[in-house]
Amino acid sequence: MIYEVFRQERKGQPLQHAGTVEAPDERFAEIYAREQYGRRQESVSLWLVPREAVSEIAEFPDEFEMKYRRVDGYSIKARLREARERAGTLEAAPGAGDTE
Amino acid sequence: MSERTDLLIAIADDELFLGWRNSEWTGIAPFLEEDVAFSSIAQNEIGHARALYELAAAELGTTADELAFDRTPDEYRCAPLVQLRRLEWARTIARHWLYETADEIRLAALKASDDPDIAGIAAKMDREEAYHRMHAEMWVDRLLSTEEGRARLDEALDELWPYALGVLDDELRPELRRRAEERLGRELPDAEPVSRGAHEAELAGLWEEMTMVRRSAPAGTQW
């Protein structure tokens, strides 16, 4: 059995994926995860999740390239530049030399 | 040497030798995760040895390193159980379980000591040994779950039982027998304990290896 191990470095922080352990059952997995991800005091909490309990989503079709829905699909720099040119404040603005 | 330093050194020697013996599996344990875990447990035992040597060294005006590595093989006080070289997994697990169970009984007695340093170090060790015990218990269950595993474990227990008794003083031995027979679901041999002070033939070989690097360097070398 493969267990996915999530590790919390300090209280209040999110648990982040640390790696895996392979073990015949949960009891072995707990011992192995403790030694592999906790023996150096590098974790305050570990979560163990059997790999088959994880639902994966890995396909995100975007057939029509709807760029406007992406966070990076909407460039504001060019628009700012145009607006500054119109206002005559282009030289004074920070990042005025940027080309985009 | 006082009775107190004798006690500390005897337990430190147990932990050092067991840690060393268990570390002989590093790189060749049955599978990778076990390799990492068992090596880590071995390191932990050696850490306990260091803490105990330090406590004794403070009283004797020496250092933990000198106590650990600068004695002659005859001067070590570890129980013969931890001297044995048994690079076979069922025997390793049998020894691991027998030692941890005996150690739990010994630590319980030490935690009640009038000496605050000894009671304190025993409590600290016990909190870490709890995880060694979990590991040992899990493997015992695993071996007991199949006929072959049970047979291999039984054979190892028959061999190692007299040595396990030797880890403890007389008065604590009946408790070890009671716990072991109850847990393992079998009677253990009525054998003469192989007590502390005896030296197995394998001790010399381990001592050679363990002290080799230190002996190769001039006295006073700073590491």
# chains A, B, ... in the order shown; residues from 1 in each chain; ligands from 1
$ interface_residues --of "chain B" --to "chain A" --cutoff "8 Å" --atoms "only C-alpha atoms" --output "list in words"
Glu33, Glu34, Val36, Ala37, Ser40, Tyr131, Met134, His135 and Met138 of chain B
$ write_last_selection --atoms "N, CA and C atoms" --output "PDB file, in the first residue's frame"
ATOM      1  N   GLU B  33      11.541   1.071   3.447  1.00  0.00           N
ATOM      2  CA  GLU B  33      10.942   1.857   4.532  1.00  0.00           C
ATOM      3  C   GLU B  33      11.412   1.333   5.886  1.00  0.00           C
ATOM      4  N   GLU B  34      11.516  -0.001   5.983  1.00  0.00           N
ATOM      5  CA  GLU B  34      11.982  -0.599   7.224  1.00  0.00           C
ATOM      6  C   GLU B  34      13.447  -0.227   7.460  1.00  0.00           C
ATOM      7  N   VAL B  36      14.969   2.519   6.645  1.00  0.00           N
ATOM      8  CA  VAL B  36      15.026   3.879   7.177  1.00  0.00           C
ATOM      9  C   VAL B  36      14.570   3.889   8.642  1.00  0.00           C
ATOM     10  N   ALA B  37      13.449   3.221   8.914  1.00  0.00           N
ATOM     11  CA  ALA B  37      12.885   3.259  10.262  1.00  0.00           C
ATOM     12  C   ALA B  37      13.803   2.575  11.269  1.00  0.00           C
ATOM     13  N   SER B  40      16.849   4.558  11.997  1.00  0.00           N
ATOM     14  CA  SER B  40      16.521   5.710  12.829  1.00  0.00           C
ATOM     15  C   SER B  40      16.379   5.286  14.299  1.00  0.00           C
ATOM     16  N   TYR B 131       7.946   4.588  21.141  1.00  0.00           N
ATOM     17  CA  TYR B 131       7.830   4.366  19.698  1.00  0.00           C
ATOM     18  C   TYR B 131       8.630   3.154  19.240  1.00  0.00           C
ATOM     19  N   MET B 134       6.284   0.395  19.977  1.00  0.00           N
ATOM     20  CA  MET B 134       5.231   0.284  18.958  1.00  0.00           C
ATOM     21  C   MET B 134       5.751  -0.477  17.742  1.00  0.00           C
ATOM     22  N   HIS B 135       6.971  -0.140  17.354  1.00  0.00           N
ATOM     23  CA  HIS B 135       7.581  -0.796  16.196  1.00  0.00           C
ATOM     24  C   HIS B 135       7.773  -2.296  16.470  1.00  0.00           C
ATOM     25  N   MET B 138       4.386  -4.178  16.597  1.00  0.00           N
ATOM     26  CA  MET B 138       3.808  -4.317  15.268  1.00  0.00           C
ATOM     27  C   MET B 138       4.453  -5.482  14.519  1.00  0.00           C
TER      28      MET B 138
END
$ residues_around --residues "His48 of chain B" --least-positions-apart "4" --cutoff "8 Å" --atoms "only C-alpha atoms" --output "ChimeraX atom specification"
/B:12,15-16,44,52,125
$ select_by_dssp --residues "segment 46-164 of chain B" --states "alpha helix (DSSP H)" --output "MDAnalysis selection string"
chainID B and resid 46:60 64:69 80:83 89:111 116:144 147:164
$ atom_distance --atom1 "atom CA of His17 of chain A" --atom2 "atom CA of Val5 of chain A"
6.0 Å
$ select_by_dssp --residues "chain A" --states "strand (DSSP E)" --output "number ranges by chain"
A: 2-8, 16-22, 45-50
$ atom_distance --atom1 "atom CA of His96 of chain B" --atom2 "atom CA of Leu48 of chain A"
26.1 Å
$ residues_around --residues "Ala58 of chain B" --least-positions-apart "5" --cutoff "12 Å" --atoms "only C-alpha atoms" --output "JSON, numbers by chain"
{"B": [1, 4, 5, 8, 51, 52, 53, 63, 64, 66, 67, 117]}
$ write_last_selection --atoms "N, CA and C atoms" --output "PDB file, in the first residue's frame"
ATOM      1  N   MET B   1      34.351   4.706  40.643  1.00  0.00           N
ATOM      2  CA  MET B   1      33.058   4.169  40.223  1.00  0.00           C
ATOM      3  C   MET B   1      32.129   4.009  41.415  1.00  0.00           C
ATOM      4  N   ARG B   4      25.994   4.286  41.369  1.00  0.00           N
ATOM      5  CA  ARG B   4      25.220   5.096  40.421  1.00  0.00           C
ATOM      6  C   ARG B   4      25.861   5.082  39.031  1.00  0.00           C
ATOM      7  N   THR B   5      27.178   5.302  38.982  1.00  0.00           N
ATOM      8  CA  THR B   5      27.817   5.309  37.658  1.00  0.00           C
ATOM      9  C   THR B   5      27.828   3.897  37.063  1.00  0.00           C
ATOM     10  N   LEU B   8      24.432   3.571  35.453  1.00  0.00           N
ATOM     11  CA  LEU B   8      24.319   4.392  34.237  1.00  0.00           C
ATOM     12  C   LEU B   8      25.112   3.792  33.082  1.00  0.00           C
ATOM     13  N   ALA B  51      23.428  10.225  26.311  1.00  0.00           N
ATOM     14  CA  ALA B  51      22.883  10.965  27.458  1.00  0.00           C
ATOM     15  C   ALA B  51      23.264  10.277  28.774  1.00  0.00           C
ATOM     16  N   LEU B  52      23.216   8.964  28.781  1.00  0.00           N
ATOM     17  CA  LEU B  52      23.556   8.218  29.998  1.00  0.00           C
ATOM     18  C   LEU B  52      25.052   8.304  30.296  1.00  0.00           C
ATOM     19  N   TYR B  53      25.881   8.175  29.261  1.00  0.00           N
ATOM     20  CA  TYR B  53      27.327   8.309  29.454  1.00  0.00           C
ATOM     21  C   TYR B  53      27.667   9.704  29.979  1.00  0.00           C
ATOM     22  N   THR B  63      34.631  12.020  29.811  1.00  0.00           N
ATOM     23  CA  THR B  63      33.667  12.414  28.767  1.00  0.00           C
ATOM     24  C   THR B  63      32.890  11.190  28.290  1.00  0.00           C
ATOM     25  N   ALA B  64      31.764  11.467  27.632  1.00  0.00           N
ATOM     26  CA  ALA B  64      30.938  10.387  27.095  1.00  0.00           C
ATOM     27  C   ALA B  64      31.731   9.566  26.072  1.00  0.00           C
ATOM     28  N   GLU B  66      34.938   9.062  25.889  1.00  0.00           N
ATOM     29  CA  GLU B  66      35.930   8.185  26.527  1.00  0.00           C
ATOM     30  C   GLU B  66      35.270   6.953  27.135  1.00  0.00           C
ATOM     31  N   LEU B  67      34.093   7.167  27.734  1.00  0.00           N
ATOM     32  CA  LEU B  67      33.390   6.013  28.309  1.00  0.00           C
ATOM     33  C   LEU B  67      32.910   5.061  27.215  1.00  0.00           C
ATOM     34  N   ASP B 117      18.190  13.109  38.690  1.00  0.00           N
ATOM     35  CA  ASP B 117      18.800  12.981  37.357  1.00  0.00           C
ATOM     36  C   ASP B 117      18.433  11.646  36.713  1.00  0.00           C
TER      37      ASP B 117
END
$ residues_around --residues "Tyr37 of chain A" --least-positions-apart "5" --cutoff "9 Å" --atoms "only C-alpha atoms" --output "MDAnalysis selection string"
chainID A and resid 5 7 18:19 32 42:43 46
$ write_last_selection --atoms "N, CA and C atoms" --output "compact mmCIF listing (two decimals), in the first residue's frame"
# COMPACT_ATOMS: atom_id res chain seq x y z
N VAL A 5 1.87 11.22 2.25
CA VAL A 5 2.14 11.83 3.54
C VAL A 5 2.12 13.35 3.41
N ARG A 7 2.65 16.96 5.59
CA ARG A 7 3.46 17.37 6.72
C ARG A 7 3.18 18.82 7.09
N ALA A 18 4.42 15.83 1.45
CA ALA A 18 5.84 15.64 1.76
C ALA A 18 6.44 14.51 0.94
N GLY A 19 5.60 13.53 0.59
CA GLY A 19 6.12 12.37 -0.13
C GLY A 19 5.21 11.19 0.16
N TYR A 32 6.55 4.23 9.86
CA TYR A 32 7.51 4.62 8.83
C TYR A 32 7.43 6.12 8.55
N GLU A 42 11.15 17.97 12.27
CA GLU A 42 10.80 18.86 11.17
C GLU A 42 9.29 18.99 10.97
N SER A 43 8.52 18.25 11.75
CA SER A 43 7.07 18.28 11.58
C SER A 43 6.38 18.35 12.94
N LEU A 46 1.52 15.06 10.99
CA LEU A 46 1.56 14.34 9.72
C LEU A 46 0.17 13.79 9.43
$ atom_distance --atom1 "atom CA of Trp25 of chain B" --atom2 "atom CA of Ala108 of chain B"
29.0 Å
